[in-house]
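Student: One file: input.pdb (PDB, C-alpha atoms, pLDDT in the B column).
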ATOM      1  CA  MET A 122     -50.490  13.859 -44.490  1.00 57.00           C
ATOM      2  CA  ARG A 123     -52.110  16.410 -42.239  1.00 57.00           C
ATOM      3  CA  ASN A 124     -49.615  15.718 -39.447  1.00 56.00           C
ATOM      4  CA  PHE A 125     -46.725  16.295 -41.859  1.00 50.00           C
ATOM      5  CA  LYS A 126     -48.119  19.730 -42.749  1.00 54.00           C
ATOM      6  CA  LYS A 127     -48.450  20.593 -39.070  1.00 53.00           C
ATOM      7  CA  LEU A 128     -44.925  19.343 -38.388  1.00 47.00           C
ATOM      8  CA  GLY A 129     -43.594  21.374 -41.322  1.00 49.00           C
ATOM      9  CA  LEU A 130     -45.385  24.476 -40.066  1.00 46.00           C
ATOM     10  CA  LEU A 131     -44.041  23.912 -36.556  1.00 44.00           C
ATOM     11  CA  ILE A 132     -40.478  23.572 -37.845  1.00 50.00           C
ATOM     12  CA  ALA A 133     -40.877  26.756 -39.903  1.00 44.00           C
ATOM     13  CA  VAL A 134     -42.145  28.682 -36.860  1.00 40.00           C
ATOM     14  CA  ILE A 135     -39.258  27.442 -34.695  1.00 48.00           C
ATOM     15  CA  ALA A 136     -36.704  28.324 -37.367  1.00 44.00           C
ATOM     16  CA  LEU A 137     -38.178  31.798 -37.754  1.00 41.00           C
ATOM     17  CA  SER A 138     -38.081  32.278 -33.970  1.00 42.00           C
ATOM     18  CA  PHE A 139     -34.379  31.418 -33.872  1.00 41.00           C
ATOM     19  CA  ASN A 140     -33.636  33.816 -36.729  1.00 43.00           C
ATOM     20  CA  VAL A 141     -35.474  36.671 -34.983  1.00 38.00           C
ATOM     21  CA  ALA A 142     -33.718  35.939 -31.671  1.00 41.00           C
ATOM     22  CA  ASN A 143     -30.303  35.872 -33.345  1.00 43.00           C
ATOM     23  CA  ALA A 144     -31.017  39.083 -35.261  1.00 41.00           C
ATOM     24  CA  GLU A 145     -31.986  40.860 -32.033  1.00 41.00           C
ATOM     25  CA  LYS A 146     -28.846  39.537 -30.324  1.00 41.00           C
ATOM     26  CA  GLY A 147     -26.730  40.870 -33.191  1.00 43.00           C
ATOM     27  CA  ASP A 148     -28.344  44.312 -32.882  1.00 38.00           C
ATOM     28  CA  LYS A 149     -27.579  44.418 -29.152  1.00 39.00           C
ATOM     29  CA  GLU A 150     -23.935  43.544 -29.787  1.00 37.00           C
ATOM     30  CA  VAL A 151     -23.609  46.359 -32.306  1.00 37.00           C
ATOM     31  CA  LYS A 152     -25.238  48.848 -29.940  1.00 40.00           C
ATOM     32  CA  THR A 153     -22.944  47.773 -27.091  1.00 40.00           C
ATOM     33  CA  ALA A 154     -19.902  48.196 -29.305  1.00 45.00           C
ATOM     34  CA  GLU A 155     -21.065  51.688 -30.293  1.00 61.00           C
ATOM     35  CA  LYS A 156     -21.192  52.693 -26.622  1.00 80.00           C
ATOM     36  CA  GLY A 157     -17.539  51.930 -25.939  1.00 96.00           C
ATOM     37  CA  ILE A 158     -14.280  53.530 -26.932  1.00 97.00           C
ATOM     38  CA  GLN A 159     -14.018  53.728 -30.706  1.00 97.00           C
ATOM     39  CA  PHE A 160     -10.552  52.574 -31.737  1.00 97.00           C
ATOM     40  CA  THR A 161      -9.002  53.918 -34.932  1.00 96.00           C
ATOM     41  CA  GLU A 162      -7.356  51.385 -37.196  1.00 94.00           C
ATOM     42  CA  GLY A 163      -4.310  52.046 -39.319  1.00 95.00           C
ATOM     43  CA  ASN A 164      -0.555  52.015 -39.239  1.00 96.00           C
ATOM     44  CA  TRP A 165       1.387  54.072 -36.733  1.00 97.00           C
ATOM     45  CA  ALA A 166       2.413  56.723 -39.276  1.00 96.00           C
ATOM     46  CA  SER A 167      -1.234  57.372 -40.214  1.00 97.00           C
ATOM     47  CA  ILE A 168      -2.218  57.514 -36.528  1.00 97.00           C
ATOM     48  CA  LEU A 169       0.449  60.172 -35.839  1.00 97.00           C
ATOM     49  CA  LYS A 170      -0.680  62.128 -38.905  1.00 97.00           C
ATOM     50  CA  LYS A 171      -4.313  62.023 -37.716  1.00 97.00           C
ATOM     51  CA  ALA A 172      -3.270  63.150 -34.202  1.00 97.00           C
ATOM     52  CA  LYS A 173      -1.379  66.118 -35.666  1.00 97.00           C
ATOM     53  CA  ALA A 174      -4.262  67.084 -37.932  1.00 96.00           C
ATOM     54  CA  GLU A 175      -6.754  66.964 -35.045  1.00 96.00           C
ATOM     55  CA  ASN A 176      -4.294  68.264 -32.410  1.00 96.00           C
ATOM     56  CA  LYS A 177      -5.109  65.353 -30.096  1.00 97.00           C
ATOM     57  CA  ILE A 178      -3.154  63.022 -27.875  1.00 97.00           C
ATOM     58  CA  ILE A 179      -3.108  59.365 -28.872  1.00 98.00           C
ATOM     59  CA  PHE A 180      -4.502  56.876 -26.361  1.00 98.00           C
ATOM     60  CA  PHE A 181      -2.599  53.676 -27.155  1.00 98.00           C
ATOM     61  CA  ASP A 182      -3.615  50.337 -25.622  1.00 98.00           C
ATOM     62  CA  ALA A 183      -0.607  48.006 -25.851  1.00 98.00           C
ATOM     63  CA  TYR A 184      -1.982  44.511 -25.273  1.00 98.00           C
ATOM     64  CA  THR A 185      -1.440  40.831 -26.059  1.00 97.00           C
ATOM     65  CA  THR A 186      -4.005  38.177 -26.883  1.00 96.00           C
ATOM     66  CA  TRP A 187      -3.039  36.002 -23.888  1.00 97.00           C
ATOM     67  CA  CYS A 188      -3.166  38.787 -21.271  1.00 97.00           C
ATOM     68  CA  GLY A 189      -6.013  38.360 -18.777  1.00 97.00           C
ATOM     69  CA  PRO A 190      -5.998  41.955 -17.469  1.00 97.00           C
ATOM     70  CA  CYS A 191      -5.976  43.188 -21.093  1.00 97.00           C
ATOM     71  CA  LYS A 192      -9.147  41.202 -21.768  1.00 97.00           C
ATOM     72  CA  LEU A 193     -10.770  42.584 -18.606  1.00 97.00           C
ATOM     73  CA  LEU A 194      -9.979  46.170 -19.676  1.00 97.00           C
ATOM     74  CA  GLN A 195     -11.507  45.497 -23.072  1.00 96.00           C
ATOM     75  CA  LYS A 196     -14.619  43.907 -21.568  1.00 96.00           C
ATOM     76  CA  ASN A 197     -15.246  45.978 -18.417  1.00 96.00           C
ATOM     77  CA  VAL A 198     -13.633  49.400 -18.933  1.00 98.00           C
ATOM     78  CA  PHE A 199     -13.393  50.243 -22.644  1.00 98.00           C
ATOM     79  CA  THR A 200     -17.068  49.362 -23.175  1.00 97.00           C
ATOM     80  CA  ARG A 201     -18.415  51.805 -20.593  1.00 97.00           C
ATOM     81  CA  GLU A 202     -20.269  54.866 -21.861  1.00 97.00           C
ATOM     82  CA  ASP A 203     -18.652  57.219 -19.316  1.00 97.00           C
ATOM     83  CA  VAL A 204     -15.168  56.142 -20.406  1.00 97.00           C
ATOM     84  CA  ALA A 205     -16.094  56.374 -24.089  1.00 97.00           C
ATOM     85  CA  LYS A 206     -17.499  59.874 -23.627  1.00 96.00           C
ATOM     86  CA  VAL A 207     -14.112  61.191 -22.464  1.00 97.00           C
ATOM     87  CA  PHE A 208     -11.922  59.167 -24.820  1.00 97.00           C
ATOM     88  CA  ASN A 209     -13.912  59.387 -28.054  1.00 97.00           C
ATOM     89  CA  ALA A 210     -14.170  63.176 -27.789  1.00 96.00           C
ATOM     90  CA  ASN A 211     -10.610  63.964 -26.736  1.00 96.00           C
ATOM     91  CA  PHE A 212      -8.188  61.330 -28.018  1.00 97.00           C
ATOM     92  CA  ILE A 213      -7.200  59.321 -31.059  1.00 97.00           C
ATOM     93  CA  ASN A 214      -7.780  55.834 -29.628  1.00 98.00           C
ATOM     94  CA  VAL A 215      -5.696  52.939 -30.930  1.00 98.00           C
ATOM     95  CA  LYS A 216      -4.772  49.464 -29.816  1.00 97.00           C
ATOM     96  CA  PHE A 217      -2.062  47.154 -31.029  1.00 97.00           C
ATOM     97  CA  ASP A 218      -1.344  43.518 -30.269  1.00 97.00           C
ATOM     98  CA  MET A 219       2.296  43.881 -29.271  1.00 97.00           C
ATOM     99  CA  GLU A 220       3.180  40.430 -30.589  1.00 96.00           C
ATOM    100  CA  SER A 221       1.867  40.717 -34.141  1.00 96.00           C
ATOM    101  CA  GLY A 222       1.701  43.119 -37.046  1.00 96.00           C
ATOM    102  CA  GLU A 223       3.260  46.484 -36.210  1.00 96.00           C
ATOM    103  CA  GLY A 224       3.199  45.684 -32.468  1.00 96.00           C
ATOM    104  CA  PRO A 225       6.785  44.379 -32.093  1.00 97.00           C
ATOM    105  CA  THR A 226       8.154  47.473 -33.853  1.00 96.00           C
ATOM    106  CA  LEU A 227       6.128  49.737 -31.562  1.00 97.00           C
ATOM    107  CA  ALA A 228       7.339  47.750 -28.526  1.00 95.00           C
ATOM    108  CA  GLY A 229      10.879  48.706 -29.566  1.00 94.00           C
ATOM    109  CA  LYS A 230       9.917  52.372 -29.803  1.00 96.00           C
ATOM    110  CA  TYR A 231       7.773  52.416 -26.636  1.00 96.00           C
ATOM    111  CA  PRO A 232       9.320  49.944 -24.173  1.00 91.00           C
ATOM    112  CA  ILE A 233       6.870  47.787 -22.269  1.00 94.00           C
ATOM    113  CA  GLN A 234       7.381  46.458 -18.750  1.00 94.00           C
ATOM    114  CA  GLY A 235       4.126  44.477 -18.610  1.00 95.00           C
ATOM    115  CA  TYR A 236       0.657  44.141 -20.055  1.00 97.00           C
ATOM    116  CA  PRO A 237      -1.513  45.981 -20.461  1.00 97.00           C
ATOM    117  CA  THR A 238       0.361  49.238 -20.885  1.00 98.00           C
ATOM    118  CA  LEU A 239      -1.706  52.292 -21.713  1.00 98.00           C
ATOM    119  CA  PHE A 240       0.244  55.087 -23.353  1.00 98.00           C
ATOM    120  CA  PHE A 241      -0.790  58.680 -23.893  1.00 98.00           C
ATOM    121  CA  ILE A 242       1.356  59.960 -26.752  1.00 97.00           C
ATOM    122  CA  ASN A 243       1.443  63.460 -28.188  1.00 97.00           C
ATOM    123  CA  PRO A 244       1.174  64.054 -31.966  1.00 96.00           C
ATOM    124  CA  ASN A 245       4.978  64.179 -32.203  1.00 95.00           C
ATOM    125  CA  GLY A 246       5.254  60.639 -30.863  1.00 96.00           C
ATOM    126  CA  LYS A 247       6.435  61.513 -27.350  1.00 97.00           C
ATOM    127  CA  VAL A 248       4.936  59.661 -24.368  1.00 97.00           C
ATOM    128  CA  VAL A 249       3.273  62.118 -21.989  1.00 97.00           C
ATOM    129  CA  LYS A 250       1.787  59.508 -19.625  1.00 97.00           C
ATOM    130  CA  LYS A 251       2.038  55.752 -19.161  1.00 97.00           C
ATOM    131  CA  VAL A 252      -0.275  53.540 -17.112  1.00 97.00           C
ATOM    132  CA  LEU A 253       0.974  50.020 -16.408  1.00 97.00           C
ATOM    133  CA  GLY A 254      -1.503  47.238 -15.676  1.00 96.00           C
ATOM    134  CA  TYR A 255      -5.243  47.046 -15.251  1.00 97.00           C
ATOM    135  CA  THR A 256      -6.936  50.285 -14.252  1.00 96.00           C
ATOM    136  CA  THR A 257     -10.489  50.985 -13.187  1.00 97.00           C
ATOM    137  CA  ALA A 258     -12.870  52.989 -15.341  1.00 97.00           C
ATOM    138  CA  GLU A 259     -12.891  55.776 -12.755  1.00 97.00           C
ATOM    139  CA  ASP A 260      -9.087  56.037 -12.713  1.00 97.00           C
ATOM    140  CA  LEU A 261      -8.893  55.932 -16.508  1.00 97.00           C
ATOM    141  CA  ILE A 262     -11.435  58.752 -16.742  1.00 97.00           C
ATOM    142  CA  LYS A 263      -9.410  60.822 -14.228  1.00 97.00           C
ATOM    143  CA  THR A 264      -6.252  60.264 -16.258  1.00 97.00           C
ATOM    144  CA  GLY A 265      -8.035  61.132 -19.493  1.00 97.00           C
ATOM    145  CA  ASN A 266      -9.552  64.281 -18.035  1.00 96.00           C
ATOM    146  CA  SER A 267      -6.151  65.397 -16.736  1.00 96.00           C
ATOM    147  CA  LEU A 268      -4.670  65.144 -20.239  1.00 94.00           C
ATOM    148  CA  LYS A 269      -7.453  66.329 -22.508  1.00 78.00           C
ATOM    149  CA  LYS A 270      -7.235  69.698 -24.197  1.00 63.00           C
ATOM    150  CA  PRO A 271      -9.119  72.467 -22.331  1.00 48.00           C
ATOM    151  CA  ALA A 272     -11.925  73.931 -24.439  1.00 44.00           C
ATOM    152  CA  GLY A 273     -10.781  76.751 -26.686  1.00 40.00           C
ATOM    153  CA  LYS A 274      -7.074  76.272 -25.894  1.00 45.00           C
ATOM    154  CA  LYS A 275      -4.385  74.826 -28.049  1.00 48.00           C
ATOM    155  CA  ARG A 276      -2.574  71.812 -26.627  1.00 43.00           C
ATOM    156  CA  THR A 277       1.030  72.527 -25.664  1.00 43.00           C
ATOM    157  CA  VAL A 278       2.092  69.037 -24.603  1.00 42.00           C
TER     158      VAL A 278
END
The structure given in the file should be rewritten as structure tokens.
Tutor:
Amino acid sequence: MRNFKKLGLLIAVIALSFNVANAEKGDKEVKTAEKGIQFTEGNWASILKKAKAENKIIFFDAYTTWCGPCKLLQKNVFTREDVAKVFNANFINVKFDMESGEGPTLAGKYPIQGYPTLFFINPNGKVVKKVLGYTTAEDLIKTGNSLKKPAGKKRTV
């Protein structure tokens, strides 16, 4: 009987250890996600409305679920703090799977030659810059900095 109590206690300790480890892992994933680019969700009309209200350019990641370079951008570039610092402060960030939901309609409006395609679109819906294919964090930051609104000035794009 004594051995059963010890075994029960051991199982309880192991189970508790796994729960603590998984909880800590979950916290790390949330913190990592908070460090990256924060993407706004919504339909295209609401995104344009938000861009007009905030006088910001839209950063639009046009991707597909099967695209390897798209996955690399999401994993290695969009999660970086230095990229997020530029994009979260200066752009309305959105991403659409171009093969589902509103994606096919947007692909008709903003023609795509390959994936990923990164669009910078003004609040009126006009493309001001397009980047085709995988890009490094450093190059994406340079592009973002070249398009962001100078402090205290109204955007005229």
Student: Fewer than 3 positions away in the same chain doesn't count, so skip those; otherwise give me all residues within 7 Å of Tyr184 in chain A, counting only C-alpha atoms, as a list in words.
Tutor: Cys191, Phe217, Asp218, Met219, Tyr236, Pro237 and Thr238 of chain A
Student: Write out, as a PDB file, in the coordinates of the input, the residues just selected, with C-alpha atoms.
Tutor:
ATOM      1  CA  CYS A 191      -5.976  43.188 -21.093  1.00 97.00           C
ATOM      2  CA  PHE A 217      -2.062  47.154 -31.029  1.00 97.00           C
ATOM      3  CA  ASP A 218      -1.344  43.518 -30.269  1.00 97.00           C
ATOM      4  CA  MET A 219       2.296  43.881 -29.271  1.00 97.00           C
ATOM      5  CA  TYR A 236       0.657  44.141 -20.055  1.00 97.00           C
ATOM      6  CA  PRO A 237      -1.513  45.981 -20.461  1.00 97.00           C
ATOM      7  CA  THR A 238       0.361  49.238 -20.885  1.00 98.00           C
TER       8      THR A 238
END
Student: Between CA of Lys206 in chain A and CA of Trp165 in chain A, what distance in Å does the model show, to one decimal?
Tutor: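 Rounded to one decimal, the two atoms are 23.7 Å apart.
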Student: What's the separation between CA of Glu162 in chain A and CA of Asn245 in chain A, in Å to one decimal place?
Tutor: 18.5 Å
Student: Looking at all atoms listed in the file, which of A:Lys251, A:Lys269, A:Lys171, A:Lys196 is the one that sits closest to Asn211 in chain A?
Tutor: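 Among the listed residues, A:Lys269 lies closest to Asn211 in chain A.
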Student: Which centre and edge lengths in Å to one decimal define the box along x, y and z that fits every listed atom of range 204-218 of chain A plus 6 Å per side, as JSON?
Tutor:
{"center_x": -9.4, "center_y": 53.7, "center_z": -25.7, "size_x": 28.2, "size_y": 32.4, "size_z": 22.7}
Student: Taking all atoms listed in the file into account, which of A:Leu268, A:Leu169, A:Ile262, A:Leu239 comes nearest Ala183 in chain A?
Tutor: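 Among A:Leu268, A:Leu169, A:Ile262, A:Leu239, it is A:Leu239 that comes nearest to Ala183 in chain A.
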Student: Could you please determine the separation between CA of Lys177 in chain A and CA of Glu259 in chain A in Å, to one decimal place?
Tutor: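 For CA of Lys177 in chain A relative to CA of Glu259 in chain A, the distance reads 21.3 Å.
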Student: Pick the closest to Asn209 in chain A from A:Pro225, A:Thr264, A:Ile179, A:Gly246: which is it, counting all atoms listed in the file?
Tutor: A:Ile179
Student: For Phe181 in chain A, which residue among A:Asn197, A:Thr256, A:Ser221, A:Asn243 is the nearest when counting all atoms listed in the file?
Tutor: A:Asn243
Student: Identify, on the basis of all atoms listed in the file, every residue whose closest approach to Gln159 in chain A does not exceed 12 Å; exclude the query and any residue fewer than 2 positions from it along the same chain; express the result as an NGL selection string.
Tutor: :A and (153-157 or 161-162 or 180-181 or 195 or 199-202 or 204-216)
Student: My list of candidates is A:Lys263, A:Asn176, A:Gly163, A:Glu223. Which is closest to Ile242 in chain A when distances are computed with all atoms listed in the file?
Tutor: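 When distances to Ile242 in chain A are compared using all atoms listed in the file, the smallest one comes from A:Asn176.
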Student: Using all atoms listed in the file, can you tell me which of A:Leu261, A:Ala172, A:Val252, A:Gly235 comes closest to Gly189 in chain A?
Tutor: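 The closest residue to Gly189 in chain A is A:Gly235.
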